[in-house]
file entry-v5.pdb (PDB, C-alpha atoms and all ligand atoms)
ATOM      1  CA  MET A  27       0.593 -90.166 177.256  1.00  0.00           C
ATOM      2  CA  PRO A  28       4.028 -91.254 178.587  1.00  0.00           C
ATOM      3  CA  GLU A  29       5.460 -89.255 181.483  1.00  0.00           C
ATOM      4  CA  PHE A  30       7.816 -86.363 180.594  1.00  0.00           C
ATOM      5  CA  ILE A  31      11.422 -86.766 181.762  1.00  0.00           C
ATOM      6  CA  LEU A  32      13.839 -83.825 181.650  1.00  0.00           C
ATOM      7  CA  LEU A  33      17.373 -84.968 180.863  1.00  0.00           C
ATOM      8  CA  GLU A  34      20.032 -83.940 183.359  1.00  0.00           C
ATOM      9  CA  GLN A  35      22.297 -81.263 181.888  1.00  0.00           C
ATOM     10  CA  LYS A  36      25.338 -83.457 181.290  1.00  0.00           C
ATOM     11  CA  LYS A  37      23.313 -86.021 179.376  1.00  0.00           C
ATOM     12  CA  ALA A  38      21.502 -83.315 177.393  1.00  0.00           C
ATOM     13  CA  LYS A  39      24.843 -81.826 176.346  1.00  0.00           C
ATOM     14  CA  THR A  40      26.111 -85.264 175.305  1.00  0.00           C
ATOM     15  CA  ALA A  41      22.939 -85.957 173.277  1.00  0.00           C
ATOM     16  CA  ILE A  42      23.263 -82.621 171.473  1.00  0.00           C
ATOM     17  CA  GLU A  43      26.932 -83.223 170.751  1.00  0.00           C
ATOM     18  CA  ILE A  44      26.209 -86.671 169.284  1.00  0.00           C
ATOM     19  CA  LEU A  45      23.434 -85.299 167.050  1.00  0.00           C
ATOM     20  CA  GLU A  46      25.541 -82.320 165.936  1.00  0.00           C
ATOM     21  CA  ASN A  47      28.332 -84.702 164.937  1.00  0.00           C
ATOM     22  CA  LYS A  48      26.036 -87.121 163.149  1.00  0.00           C
ATOM     23  CA  TYR A  49      24.395 -84.398 161.068  1.00  0.00           C
ATOM     24  CA  LYS A  50      27.360 -82.033 160.782  1.00  0.00           C
ATOM     25  CA  ASN A  51      26.844 -81.483 157.060  1.00  0.00           C
ATOM     26  CA  VAL A  52      23.301 -80.122 157.271  1.00  0.00           C
ATOM     27  CA  SER A  53      22.617 -76.507 156.440  1.00  0.00           C
ATOM     28  CA  TYR A  54      19.736 -74.103 156.025  1.00  0.00           C
ATOM     29  CA  TYR A  55      17.181 -75.409 153.568  1.00  0.00           C
ATOM     30  CA  LEU A  56      15.597 -72.372 151.845  1.00  0.00           C
ATOM     31  CA  ASN A  57      17.280 -71.032 148.700  1.00  0.00           C
ATOM     32  CA  PHE A  58      17.982 -67.293 148.740  1.00  0.00           C
ATOM     33  CA  ASN A  59      20.398 -64.664 147.587  1.00  0.00           C
ATOM     34  CA  GLY A  60      20.763 -61.832 150.091  1.00  0.00           C
ATOM     35  CA  PRO A  61      18.796 -60.699 153.168  1.00  0.00           C
ATOM     36  CA  MET A  62      15.689 -59.507 151.296  1.00  0.00           C
ATOM     37  CA  GLN A  63      15.154 -62.817 149.549  1.00  0.00           C
ATOM     38  CA  LEU A  64      15.666 -64.649 152.827  1.00  0.00           C
ATOM     39  CA  LEU A  65      13.132 -62.435 154.615  1.00  0.00           C
ATOM     40  CA  VAL A  66      10.517 -63.114 151.933  1.00  0.00           C
ATOM     41  CA  ALA A  67      11.279 -66.864 151.706  1.00  0.00           C
ATOM     42  CA  ALA A  68      11.232 -67.229 155.498  1.00  0.00           C
ATOM     43  CA  ILE A  69       7.834 -65.503 155.791  1.00  0.00           C
ATOM     44  CA  LEU A  70       6.475 -67.752 153.019  1.00  0.00           C
ATOM     45  CA  SER A  71       7.836 -70.904 154.689  1.00  0.00           C
ATOM     46  CA  ALA A  72       5.733 -70.756 157.872  1.00  0.00           C
ATOM     47  CA  GLN A  73       3.654 -73.967 158.008  1.00  0.00           C
ATOM     48  CA  THR A  74       4.659 -74.735 154.419  1.00  0.00           C
ATOM     49  CA  LYS A  75       7.121 -77.320 153.084  1.00  0.00           C
ATOM     50  CA  ASP A  76      10.548 -75.927 152.129  1.00  0.00           C
ATOM     51  CA  THR A  77      10.295 -77.611 148.742  1.00  0.00           C
ATOM     52  CA  VAL A  78       7.104 -75.663 147.959  1.00  0.00           C
ATOM     53  CA  VAL A  79       8.857 -72.374 148.793  1.00  0.00           C
ATOM     54  CA  ASN A  80      12.043 -73.323 146.911  1.00  0.00           C
ATOM     55  CA  ASP A  81       9.958 -74.242 143.863  1.00  0.00           C
ATOM     56  CA  LEU A  82       8.248 -70.861 143.610  1.00  0.00           C
ATOM     57  CA  THR A  83      10.945 -68.389 144.672  1.00  0.00           C
ATOM     58  CA  PRO A  84      13.018 -68.457 141.431  1.00  0.00           C
ATOM     59  CA  GLU A  85      10.078 -67.054 139.414  1.00  0.00           C
ATOM     60  CA  LEU A  86       9.044 -64.731 142.251  1.00  0.00           C
ATOM     61  CA  PHE A  87      12.513 -63.191 142.568  1.00  0.00           C
ATOM     62  CA  LYS A  88      12.791 -62.800 138.806  1.00  0.00           C
ATOM     63  CA  LYS A  89       9.764 -60.495 138.921  1.00  0.00           C
ATOM     64  CA  TYR A  90      10.328 -58.862 142.335  1.00  0.00           C
ATOM     65  CA  LYS A  91      13.965 -57.900 142.659  1.00  0.00           C
ATOM     66  CA  THR A  92      14.119 -55.216 145.347  1.00  0.00           C
ATOM     67  CA  VAL A  93      12.480 -54.195 148.610  1.00  0.00           C
ATOM     68  CA  GLU A  94      10.824 -51.389 146.680  1.00  0.00           C
ATOM     69  CA  ASP A  95       9.379 -53.871 144.167  1.00  0.00           C
ATOM     70  CA  PHE A  96       7.738 -55.772 147.022  1.00  0.00           C
ATOM     71  CA  ALA A  97       6.629 -52.583 148.801  1.00  0.00           C
ATOM     72  CA  ASN A  98       4.818 -51.447 145.638  1.00  0.00           C
ATOM     73  CA  ALA A  99       3.521 -54.876 144.648  1.00  0.00           C
ATOM     74  CA  ASP A 100      -0.050 -55.374 143.522  1.00  0.00           C
ATOM     75  CA  PRO A 101      -1.344 -57.885 146.139  1.00  0.00           C
ATOM     76  CA  GLN A 102      -3.204 -59.959 143.561  1.00  0.00           C
ATOM     77  CA  ASP A 103      -0.156 -60.226 141.306  1.00  0.00           C
ATOM     78  CA  LEU A 104       2.073 -61.219 144.219  1.00  0.00           C
ATOM     79  CA  LEU A 105      -0.530 -63.739 145.338  1.00  0.00           C
ATOM     80  CA  ASN A 106      -0.422 -65.420 141.933  1.00  0.00           C
ATOM     81  CA  TYR A 107       3.277 -66.190 142.487  1.00  0.00           C
ATOM     82  CA  VAL A 108       2.879 -67.551 146.016  1.00  0.00           C
ATOM     83  CA  LYS A 109      -0.590 -69.095 146.055  1.00  0.00           C
ATOM     84  CA  LYS A 110       0.765 -72.602 146.779  1.00  0.00           C
ATOM     85  CA  VAL A 111       1.937 -71.661 150.296  1.00  0.00           C
ATOM     86  CA  SER A 112      -0.434 -71.900 153.233  1.00  0.00           C
ATOM     87  CA  PHE A 113      -2.066 -68.658 154.420  1.00  0.00           C
ATOM     88  CA  ALA A 114      -0.875 -67.054 151.186  1.00  0.00           C
ATOM     89  CA  GLU A 115      -3.099 -63.954 151.424  1.00  0.00           C
ATOM     90  CA  ASN A 116      -1.881 -63.119 154.914  1.00  0.00           C
ATOM     91  CA  LYS A 117       1.732 -63.677 153.935  1.00  0.00           C
ATOM     92  CA  VAL A 118       1.321 -61.387 150.913  1.00  0.00           C
ATOM     93  CA  LYS A 119      -0.017 -58.658 153.211  1.00  0.00           C
ATOM     94  CA  ASN A 120       2.877 -59.145 155.622  1.00  0.00           C
ATOM     95  CA  ILE A 121       5.538 -59.120 152.897  1.00  0.00           C
ATOM     96  CA  ILE A 122       4.176 -55.898 151.401  1.00  0.00           C
ATOM     97  CA  SER A 123       3.852 -54.227 154.835  1.00  0.00           C
ATOM     98  CA  CYS A 124       7.346 -55.373 155.870  1.00  0.00           C
ATOM     99  CA  CYS A 125       8.885 -53.979 152.713  1.00  0.00           C
ATOM    100  CA  LYS A 126       7.042 -50.648 153.062  1.00  0.00           C
ATOM    101  CA  ILE A 127       8.399 -50.303 156.634  1.00  0.00           C
ATOM    102  CA  ILE A 128      11.910 -51.313 155.544  1.00  0.00           C
ATOM    103  CA  ASN A 129      11.770 -48.770 152.723  1.00  0.00           C
ATOM    104  CA  GLU A 130      10.563 -45.965 154.970  1.00  0.00           C
ATOM    105  CA  ASN A 131      12.460 -46.695 158.195  1.00  0.00           C
ATOM    106  CA  TYR A 132      15.598 -48.557 157.138  1.00  0.00           C
ATOM    107  CA  LYS A 133      16.433 -46.956 153.761  1.00  0.00           C
ATOM    108  CA  GLY A 134      15.477 -50.163 151.942  1.00  0.00           C
ATOM    109  CA  LYS A 135      17.964 -52.332 153.870  1.00  0.00           C
ATOM    110  CA  ILE A 136      16.852 -55.340 155.930  1.00  0.00           C
ATOM    111  CA  PRO A 137      17.728 -54.504 159.554  1.00  0.00           C
ATOM    112  CA  ASN A 138      20.310 -56.729 161.228  1.00  0.00           C
ATOM    113  CA  ASP A 139      19.216 -56.523 164.851  1.00  0.00           C
ATOM    114  CA  MET A 140      16.676 -58.619 166.704  1.00  0.00           C
ATOM    115  CA  ASN A 141      14.381 -55.816 167.937  1.00  0.00           C
ATOM    116  CA  SER A 142      14.029 -54.176 164.533  1.00  0.00           C
ATOM    117  CA  LEU A 143      13.318 -57.516 162.877  1.00  0.00           C
ATOM    118  CA  LEU A 144      10.720 -58.390 165.511  1.00  0.00           C
ATOM    119  CA  SER A 145       8.905 -55.115 164.803  1.00  0.00           C
ATOM    120  CA  LEU A 146       8.180 -56.258 161.220  1.00  0.00           C
ATOM    121  CA  PRO A 147       4.795 -57.856 160.421  1.00  0.00           C
ATOM    122  CA  GLY A 148       4.977 -61.651 160.127  1.00  0.00           C
ATOM    123  CA  VAL A 149       8.426 -61.833 161.733  1.00  0.00           C
ATOM    124  CA  GLY A 150       8.697 -63.701 165.039  1.00  0.00           C
ATOM    125  CA  ARG A 151      11.810 -64.870 166.887  1.00  0.00           C
ATOM    126  CA  LYS A 152      12.195 -67.977 164.715  1.00  0.00           C
ATOM    127  CA  THR A 153      12.304 -65.913 161.506  1.00  0.00           C
ATOM    128  CA  ALA A 154      14.416 -63.160 163.091  1.00  0.00           C
ATOM    129  CA  ASN A 155      16.996 -65.692 164.324  1.00  0.00           C
ATOM    130  CA  THR A 156      16.973 -67.359 160.904  1.00  0.00           C
ATOM    131  CA  ILE A 157      17.661 -64.057 159.139  1.00  0.00           C
ATOM    132  CA  LEU A 158      20.347 -62.964 161.599  1.00  0.00           C
ATOM    133  CA  ILE A 159      22.159 -66.301 161.335  1.00  0.00           C
ATOM    134  CA  ASN A 160      21.863 -67.016 157.631  1.00  0.00           C
ATOM    135  CA  ALA A 161      21.893 -63.541 156.078  1.00  0.00           C
ATOM    136  CA  PHE A 162      24.192 -61.698 158.486  1.00  0.00           C
ATOM    137  CA  GLY A 163      26.189 -64.392 160.310  1.00  0.00           C
ATOM    138  CA  ILE A 164      24.930 -63.035 163.655  1.00  0.00           C
ATOM    139  CA  VAL A 165      24.188 -65.847 166.091  1.00  0.00           C
ATOM    140  CA  GLU A 166      22.270 -64.610 169.089  1.00  0.00           C
ATOM    141  CA  GLY A 167      19.677 -67.330 169.471  1.00  0.00           C
ATOM    142  CA  ILE A 168      18.307 -70.622 168.185  1.00  0.00           C
ATOM    143  CA  PRO A 169      15.429 -70.695 165.670  1.00  0.00           C
ATOM    144  CA  VAL A 170      12.673 -72.804 167.229  1.00  0.00           C
ATOM    145  CA  ASP A 171      10.462 -74.456 164.615  1.00  0.00           C
ATOM    146  CA  THR A 172       7.941 -77.280 164.925  1.00  0.00           C
ATOM    147  CA  TRP A 173      10.632 -79.980 164.767  1.00  0.00           C
ATOM    148  CA  VAL A 174      12.611 -78.297 167.546  1.00  0.00           C
ATOM    149  CA  ILE A 175       9.464 -77.983 169.675  1.00  0.00           C
ATOM    150  CA  LYS A 176       8.524 -81.619 169.126  1.00  0.00           C
ATOM    151  CA  LEU A 177      11.923 -83.244 169.556  1.00  0.00           C
ATOM    152  CA  SER A 178      13.158 -81.028 172.399  1.00  0.00           C
ATOM    153  CA  TYR A 179      10.193 -82.267 174.402  1.00  0.00           C
ATOM    154  CA  ARG A 180      10.520 -85.880 173.299  1.00  0.00           C
ATOM    155  CA  ILE A 181      14.241 -86.095 174.031  1.00  0.00           C
ATOM    156  CA  GLY A 182      13.810 -84.236 177.322  1.00  0.00           C
ATOM    157  CA  LEU A 183      15.777 -81.085 176.474  1.00  0.00           C
ATOM    158  CA  SER A 184      12.908 -78.768 177.483  1.00  0.00           C
ATOM    159  CA  LYS A 185       9.645 -79.388 179.257  1.00  0.00           C
ATOM    160  CA  SER A 186       8.051 -76.330 177.662  1.00  0.00           C
ATOM    161  CA  LYS A 187       5.958 -76.242 174.488  1.00  0.00           C
ATOM    162  CA  LYS A 188       6.435 -72.459 174.129  1.00  0.00           C
ATOM    163  CA  PRO A 189       9.078 -71.465 171.551  1.00  0.00           C
ATOM    164  CA  ASP A 190      10.602 -68.617 173.611  1.00  0.00           C
ATOM    165  CA  GLU A 191      10.978 -70.799 176.712  1.00  0.00           C
ATOM    166  CA  ILE A 192      12.343 -73.688 174.645  1.00  0.00           C
ATOM    167  CA  GLU A 193      14.906 -71.359 173.078  1.00  0.00           C
ATOM    168  CA  ASN A 194      16.055 -70.232 176.535  1.00  0.00           C
ATOM    169  CA  ASP A 195      16.292 -73.822 177.791  1.00  0.00           C
ATOM    170  CA  LEU A 196      18.266 -74.867 174.712  1.00  0.00           C
ATOM    171  CA  LYS A 197      20.643 -71.910 174.999  1.00  0.00           C
ATOM    172  CA  GLU A 198      21.438 -73.031 178.563  1.00  0.00           C
ATOM    173  CA  ILE A 199      22.481 -76.530 177.535  1.00  0.00           C
ATOM    174  CA  THR A 200      23.792 -76.077 173.979  1.00  0.00           C
ATOM    175  CA  ASP A 201      27.328 -74.926 173.295  1.00  0.00           C
ATOM    176  CA  LYS A 202      27.076 -71.657 171.355  1.00  0.00           C
ATOM    177  CA  LYS A 203      29.052 -73.105 168.461  1.00  0.00           C
ATOM    178  CA  TYR A 204      26.027 -75.364 167.808  1.00  0.00           C
ATOM    179  CA  TRP A 205      23.268 -72.688 167.902  1.00  0.00           C
ATOM    180  CA  LYS A 206      23.651 -71.810 164.229  1.00  0.00           C
ATOM    181  CA  ASN A 207      22.711 -75.260 162.932  1.00  0.00           C
ATOM    182  CA  PHE A 208      20.755 -76.638 165.873  1.00  0.00           C
ATOM    183  CA  ALA A 209      17.324 -76.398 164.238  1.00  0.00           C
ATOM    184  CA  TYR A 210      18.560 -77.989 160.997  1.00  0.00           C
ATOM    185  CA  VAL A 211      20.274 -80.829 162.887  1.00  0.00           C
ATOM    186  CA  ILE A 212      17.098 -81.569 164.839  1.00  0.00           C
ATOM    187  CA  LYS A 213      14.980 -81.441 161.701  1.00  0.00           C
ATOM    188  CA  GLU A 214      17.320 -83.890 159.950  1.00  0.00           C
ATOM    189  CA  HIS A 215      17.168 -86.231 162.942  1.00  0.00           C
ATOM    190  CA  GLY A 216      13.367 -86.014 162.765  1.00  0.00           C
ATOM    191  CA  HIS A 217      13.354 -86.828 159.064  1.00  0.00           C
ATOM    192  CA  GLN A 218      15.886 -89.651 159.195  1.00  0.00           C
ATOM    193  CA  ILE A 219      15.283 -91.350 162.540  1.00  0.00           C
ATOM    194  CA  CYS A 220      13.066 -89.701 165.153  1.00  0.00           C
ATOM    195  CA  GLN A 221       9.946 -89.600 163.023  1.00  0.00           C
ATOM    196  CA  SER A 222       6.661 -88.481 164.527  1.00  0.00           C
ATOM    197  CA  VAL A 223       4.757 -91.741 164.284  1.00  0.00           C
ATOM    198  CA  LYS A 224       7.348 -94.538 164.354  1.00  0.00           C
ATOM    199  CA  PRO A 225      10.738 -93.310 165.581  1.00  0.00           C
ATOM    200  CA  LYS A 226      13.533 -95.729 164.674  1.00  0.00           C
ATOM    201  CA  CYS A 227      14.896 -95.944 168.215  1.00  0.00           C
ATOM    202  CA  GLU A 228      16.855 -99.126 167.488  1.00  0.00           C
ATOM    203  CA  ILE A 229      19.233 -97.260 165.139  1.00  0.00           C
ATOM    204  CA  CYS A 230      19.215 -93.902 166.966  1.00  0.00           C
ATOM    205  CA  PRO A 231      22.666 -92.664 168.041  1.00  0.00           C
ATOM    206  CA  ILE A 232      21.289 -91.271 171.319  1.00  0.00           C
ATOM    207  CA  ASN A 233      19.090 -94.233 172.271  1.00  0.00           C
ATOM    208  CA  ASN A 234      21.162 -94.894 175.391  1.00  0.00           C
ATOM    209  CA  ILE A 235      20.427 -91.343 176.622  1.00  0.00           C
ATOM    210  CA  CYS A 236      16.909 -90.550 175.341  1.00  0.00           C
ATOM    211  CA  PRO A 237      14.164 -91.173 177.913  1.00  0.00           C
ATOM    212  CA  LYS A 238      11.718 -92.029 175.120  1.00  0.00           C
ATOM    213  CA  ASN A 239      13.798 -94.868 173.678  1.00  0.00           C
ATOM    214  CA  GLY A 240      11.285 -97.509 172.632  1.00  0.00           C
ATOM    215  CA  VAL A 241       8.324 -95.690 174.225  1.00  0.00           C
ATOM    216  CA  LYS A 242       5.204 -96.103 172.099  1.00  0.00           C
TER     217      LYS A 242
HETATM  218  S1  LIG B   1      15.684 -92.928 171.092  1.00  0.00           S
HETATM  219 FE1  LIG B   1      13.842 -92.898 169.821  1.00  0.00          FE
HETATM  220  S2  LIG B   1      12.565 -91.277 170.658  1.00  0.00           S
HETATM  221 FE2  LIG B   1      14.633 -90.970 171.432  1.00  0.00          FE
HETATM  222  S3  LIG B   1      15.605 -89.543 169.995  1.00  0.00           S
HETATM  223 FE3  LIG B   1      16.090 -91.605 169.341  1.00  0.00          FE
HETATM  224  S4  LIG B   1      14.529 -92.126 167.833  1.00  0.00           S
HETATM  225 FE4  LIG B   1      13.785 -90.366 169.006  1.00  0.00          FE
END
call {"tool": "encode", "arguments": {"input": "entry-v5.pdb", "output": "structure tokens"}}
result
Amino acid sequence: MPEFILLEQKKAKTAIEILENKYKNVSYYLNFNGPMQLLVAAILSAQTKDTVVNDLTPELFKKYKTVEDFANADPQDLLNYVKKVSFAENKVKNIISCCKIINENYKGKIPNDMNSLLSLPGVGRKTANTILINAFGIVEGIPVDTWVIKLSYRIGLSKSKKPDEIENDLKEITDKKYWKNFAYVIKEHGHQICQSVKPKCEICPINNICPKNGVK
């Protein structure tokens, strides 16, 4: 295992700026219409490909239109719509419980603050940040998904493997104007160039900064 090298702050900022500019047209990847649909799609997307979620949500949202519909859903019926996602049974339980709580405590409206979102079953900081940013335009953190965890470590932006610590490290070095899209930029870089097995370092726009340039 190659040694970990933390980038000095100036270089980290430059690397982030270069990546943000290269992938400036990326945006959030799950299809949704309104906060409730985003909450449901985001819960379904954990450890599941976006394309799988985007394929099933049109039919799902045709049947289940409101928070109340989900709160009163028959678990087996809901499961039939979402069975292609991983951990489908657990996610069904969480979606129904979330929607019951939202119905009872928030008058059927998805809350738009971090603490309330974190109190919902199946909602961690990644999902809460995603909902705040994409459904409400509130940017108070950076969603940390598996690509962010992997590439932040590889590029030397954070030495932690824990999402909360990574988020704090990234917030220190990333201009706030980039927080909104940071996770999607990193994911795109992972797909196009910094792939898990054979990163294409020779064409990478930050290869003169990244400590893992050419490291096998
Ligand atoms: S230089 Fe290589 S390891 Fe570093 S970010 Fe670019 S592709 Fe990834």
call {"tool": "residues_around", "arguments": {"input": "entry-v5.pdb", "residues": "region 195-208 of chain A", "least_positions_apart": "2", "cutoff": "10 Å", "atoms": "only C-alpha atoms", "output": "PyMOL selection string"}}
result
chain A and resi 34-43+45-46+49-54+155-156+158-160+163-170+174+178+183-186+189-193+210-214
call {"tool": "write_last_selection", "arguments": {"input": "entry-v5.pdb", "atoms": "C-alpha atoms", "output": "compact mmCIF listing (two decimals), in the frame of the given file"}}
result
# COMPACT_ATOMS: atom_id res chain seq x y z
CA GLU A 34 20.03 -83.94 183.36
CA GLN A 35 22.30 -81.26 181.89
CA LYS A 36 25.34 -83.46 181.29
CA LYS A 37 23.31 -86.02 179.38
CA ALA A 38 21.50 -83.32 177.39
CA LYS A 39 24.84 -81.83 176.35
CA THR A 40 26.11 -85.26 175.30
CA ALA A 41 22.94 -85.96 173.28
CA ILE A 42 23.26 -82.62 171.47
CA GLU A 43 26.93 -83.22 170.75
CA LEU A 45 23.43 -85.30 167.05
CA GLU A 46 25.54 -82.32 165.94
CA TYR A 49 24.40 -84.40 161.07
CA LYS A 50 27.36 -82.03 160.78
CA ASN A 51 26.84 -81.48 157.06
CA VAL A 52 23.30 -80.12 157.27
CA SER A 53 22.62 -76.51 156.44
CA TYR A 54 19.74 -74.10 156.02
CA ASN A 155 17.00 -65.69 164.32
CA THR A 156 16.97 -67.36 160.90
CA LEU A 158 20.35 -62.96 161.60
CA ILE A 159 22.16 -66.30 161.34
CA ASN A 160 21.86 -67.02 157.63
CA GLY A 163 26.19 -64.39 160.31
CA ILE A 164 24.93 -63.04 163.66
CA VAL A 165 24.19 -65.85 166.09
CA GLU A 166 22.27 -64.61 169.09
CA GLY A 167 19.68 -67.33 169.47
CA ILE A 168 18.31 -70.62 168.18
CA PRO A 169 15.43 -70.69 165.67
CA VAL A 170 12.67 -72.80 167.23
CA VAL A 174 12.61 -78.30 167.55
CA SER A 178 13.16 -81.03 172.40
CA LEU A 183 15.78 -81.08 176.47
CA SER A 184 12.91 -78.77 177.48
CA LYS A 185 9.64 -79.39 179.26
CA SER A 186 8.05 -76.33 177.66
CA PRO A 189 9.08 -71.46 171.55
CA ASP A 190 10.60 -68.62 173.61
CA GLU A 191 10.98 -70.80 176.71
CA ILE A 192 12.34 -73.69 174.64
CA GLU A 193 14.91 -71.36 173.08
CA TYR A 210 18.56 -77.99 161.00
CA VAL A 211 20.27 -80.83 162.89
CA ILE A 212 17.10 -81.57 164.84
CA LYS A 213 14.98 -81.44 161.70
CA GLU A 214 17.32 -83.89 159.95
call {"tool": "resolve_selection", "arguments": {"input": "entry-v5.pdb", "expression": "the PyMOL selection byres (((not hetatm)) within 6 of (chain B and resi 1))", "output": "list in words"}}
result
Ile181, Ile219, Cys220, Pro225, Lys226, Cys227, Cys230, Ile232, Asn233, Cys236, Lys238, Asn239 and Gly240 of chain A
call {"tool": "atom_distance", "arguments": {"input": "entry-v5.pdb", "atom1": "CA of Tyr90 (chain A)", "atom2": "CA of Asn59 (chain A)"}}
result
12.8 Å
call {"tool": "axis_aligned_box", "arguments": {"input": "entry-v5.pdb", "around": "region 27-36 of chain A", "padding_each_side": "5 Å", "output": "AutoDock Vina command-line options"}}
result
--center_x 13.0 --center_y -86.3 --center_z 180.3 --size_x 34.7 --size_y 20.0 --size_z 16.1
call {"tool": "closest_residue", "arguments": {"input": "entry-v5.pdb", "among": "A:Asp95, A:Asn138, A:Leu33, A:Ser145", "to": "Ile157 (chain A)", "atoms": "only C-alpha atoms"}}
result
A:Asn138
call {"tool": "residues_around", "arguments": {"input": "entry-v5.pdb", "residues": "Asp100 (chain A)", "least_positions_apart": "4", "cutoff": "10 Å", "atoms": "only C-alpha atoms", "output": "PyMOL selection string"}}
result
chain A and resi 95-96+104-105+118+122
call {"tool": "residues_around", "arguments": {"input": "entry-v5.pdb", "residues": "Leu70 (chain A)", "least_positions_apart": "6", "cutoff": "8 Å", "atoms": "all atoms listed in the file", "output": "list of chain:residue names"}}
result
A:Val79, A:Val108, A:Val111, A:Ala114, A:Lys117
call {"tool": "atom_distance", "arguments": {"input": "entry-v5.pdb", "atom1": "CA of Leu177 (chain A)", "atom2": "CA of Gln221 (chain A)"}}
result
9.3 Å
call {"tool": "residues_around", "arguments": {"input": "entry-v5.pdb", "residues": "Leu86 (chain A)", "least_positions_apart": "6", "cutoff": "10 Å", "atoms": "all atoms listed in the file", "output": "MDAnalysis selection string"}}
result
chainID A and resid 63 66:67 104 106:108
call {"tool": "residues_near_point", "arguments": {"input": "entry-v5.pdb", "point": "(6.2, -60.3, 156.3)", "cutoff": "6 Å", "atoms": "only C-alpha atoms", "output": "ChimeraX atom specification"}}
result
/A:69,120-121,124,147-148
call {"tool": "atom_distance", "arguments": {"input": "entry-v5.pdb", "atom1": "CA of Gly182 (chain A)", "atom2": "CA of Ile31 (chain A)"}}
result
5.6 Å
call {"tool": "residues_around", "arguments": {"input": "entry-v5.pdb", "residues": "Val223 (chain A)", "least_positions_apart": "6", "cutoff": "12 Å", "atoms": "all atoms listed in the file", "output": "MDAnalysis selection string"}}
result
chainID A and resid 176 216:217 241:242
call {"tool": "closest_residue", "arguments": {"input": "entry-v5.pdb", "among": "A:Glu85, A:Asp103, A:Glu115, A:Glu94", "to": "Ile136 (chain A)", "atoms": "all atoms listed in the file"}}
result
A:Glu94
call {"tool": "closest_residue", "arguments": {"input": "entry-v5.pdb", "among": "A:Ala68, A:Ile229, A:Gln102, A:Lys119", "to": "Arg151 (chain A)", "atoms": "all atoms listed in the file"}}
result
A:Ala68
call {"tool": "decode", "arguments": {"input": "entry-v5.pdb", "residues": "region 120-124 of chain A", "atoms": "all heavy atoms", "output": "mmCIF file, in the first residue's frame"}}
result
data_model
loop_
_atom_site.group_PDB
_atom_site.id
_atom_site.type_symbol
_atom_site.label_atom_id
_atom_site.label_comp_id
_atom_site.auth_asym_id
_atom_site.auth_seq_id
_atom_site.Cartn_x
_atom_site.Cartn_y
_atom_site.Cartn_z
ATOM 1 N N ASN A 120 -37.636 2.152 5.909
ATOM 2 C CA ASN A 120 -37.208 3.523 6.219
ATOM 3 C C ASN A 120 -38.083 4.571 5.533
ATOM 4 O O ASN A 120 -38.427 5.594 6.128
ATOM 5 C CB ASN A 120 -35.745 3.733 5.806
ATOM 6 C CG ASN A 120 -34.791 3.068 6.783
ATOM 7 O OD1 ASN A 120 -35.141 2.833 7.944
ATOM 8 N ND2 ASN A 120 -33.593 2.761 6.335
ATOM 9 N N ILE A 121 -38.431 4.320 4.277
ATOM 10 C CA ILE A 121 -39.256 5.301 3.544
ATOM 11 C C ILE A 121 -40.622 5.439 4.233
ATOM 12 O O ILE A 121 -41.117 6.556 4.448
ATOM 13 C CB ILE A 121 -39.421 4.869 2.067
ATOM 14 C CG1 ILE A 121 -38.091 5.045 1.330
ATOM 15 C CG2 ILE A 121 -40.518 5.685 1.374
ATOM 16 C CD1 ILE A 121 -38.034 4.403 -0.046
ATOM 17 N N ILE A 122 -41.219 4.305 4.586
ATOM 18 C CA ILE A 122 -42.534 4.368 5.233
ATOM 19 C C ILE A 122 -42.422 5.074 6.593
ATOM 20 O O ILE A 122 -43.215 5.976 6.907
ATOM 21 C CB ILE A 122 -43.146 2.956 5.378
ATOM 22 C CG1 ILE A 122 -43.467 2.383 3.983
ATOM 23 C CG2 ILE A 122 -44.417 2.992 6.239
ATOM 24 C CD1 ILE A 122 -43.946 0.937 3.969
ATOM 25 N N SER A 123 -41.398 4.712 7.386
ATOM 26 C CA SER A 123 -41.237 5.355 8.703
ATOM 27 C C SER A 123 -40.979 6.850 8.561
ATOM 28 O O SER A 123 -41.563 7.663 9.282
ATOM 29 C CB SER A 123 -40.050 4.760 9.478
ATOM 30 O OG SER A 123 -40.196 3.394 9.598
ATOM 31 N N CYS A 124 -40.095 7.210 7.626
ATOM 32 C CA CYS A 124 -39.805 8.640 7.378
ATOM 33 C C CYS A 124 -41.099 9.398 7.103
ATOM 34 O O CYS A 124 -41.344 10.471 7.667
ATOM 35 C CB CYS A 124 -38.977 8.794 6.112
ATOM 36 S SG CYS A 124 -37.236 8.841 6.341
#
